[in-house]
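Structure first, then comments.
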Amino acid sequence: MKKIIYALAALFMVAALSSCDMEIKNVKINNLVGTWDLVSETIVHYDGTNSIEKFAKGENYLVIKKDEIESHTGKLAVTNPFSFGDPYFIIDGTSRYELKSLSYKTMVLRDPVTLLYKEKILTYERR
């Protein structure tokens, strides 16, 4: 009987841990609220090549609240009004990012408005 209980407990733990990284469908603002560390920035160039920059956790991050967003870069912090209309982040009424994917621990944003390169992909991890 103990073996069955242990097996069920192990199965439950595996299912619970694997569901943490499942993609969230029908994203609502509550799914975004929290602190998100920027872990990488991928630049997609017009010639098809990519350049990737990795960041240390805590170096650059976002604190998303229901109606505002704090952008932290080093010791500099900027707070702007924020709204979300799936799939777009709208910061200060002008900057617009597309939400490419969201799970409980990873968020990927796309910056479609660039002049120097085709697009910029920002990957964040929840604290």
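Labels for the structure tokens follow display order: chains A, B, ..., residues from 1 in each chain, ligands from 1.
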
Region 115-126 of chain A environment, 9 Å, only C-alpha atoms, sequence neighbours closer than 4 positions dropped, as a list in words
Gly34, Thr35, Trp36, Asp37, Leu38, Val39, Ser40, Glu41, Thr42, Ile43, Val44, His45, Tyr46, Asp47, Gly48, Lys57, Tyr61, Leu62, Lys100, Tyr104, Lys105, Thr106, Met107, Val108, Leu109, Arg110 and Asp111 of chain A

List every residue of chain A that DSSP, applied to the backbone of this structure, places in strand (DSSP E or B), and write the result as a PyMOL selection string.
chain A and resi 23+34-44+50-54+60-64+68-73+76-85+88-91+95-103+106-111+119-126

Could you pull out the helix (DSSP H, G or I) residues of chain A, going by DSSP on the backbone, and write them as a list in words?
Lys2, Lys3, Ile4, Ile5, Tyr6, Ala7, Leu8, Ala9, Ala10, Leu11, Phe12, Met13, Val14, Ala15, Ala16, Leu17, Ser18, Ser19, Ile29, Asn30, Asn31 and Leu32 of chain A

Contacts of region 87-96 of chain A at 9 Å or less, counting only C-alpha atoms, minus same-chain residues fewer than 3 places along, as a ChimeraX atom specification?
/A:27,68-69,80-84,99-100,109,111-113

Two-atom distance - CA of Asp86 (chain A), CA of Lys28 (chain A) (Å):
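If I compute the distance from CA of Asp86 (chain A) to CA of Lys28 (chain A), I get 7.7 Å.
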
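The two atoms in question, CA of Tyr97 (chain A) and CA of Ile24 (chain A), are spaced 17.5 Å apart.
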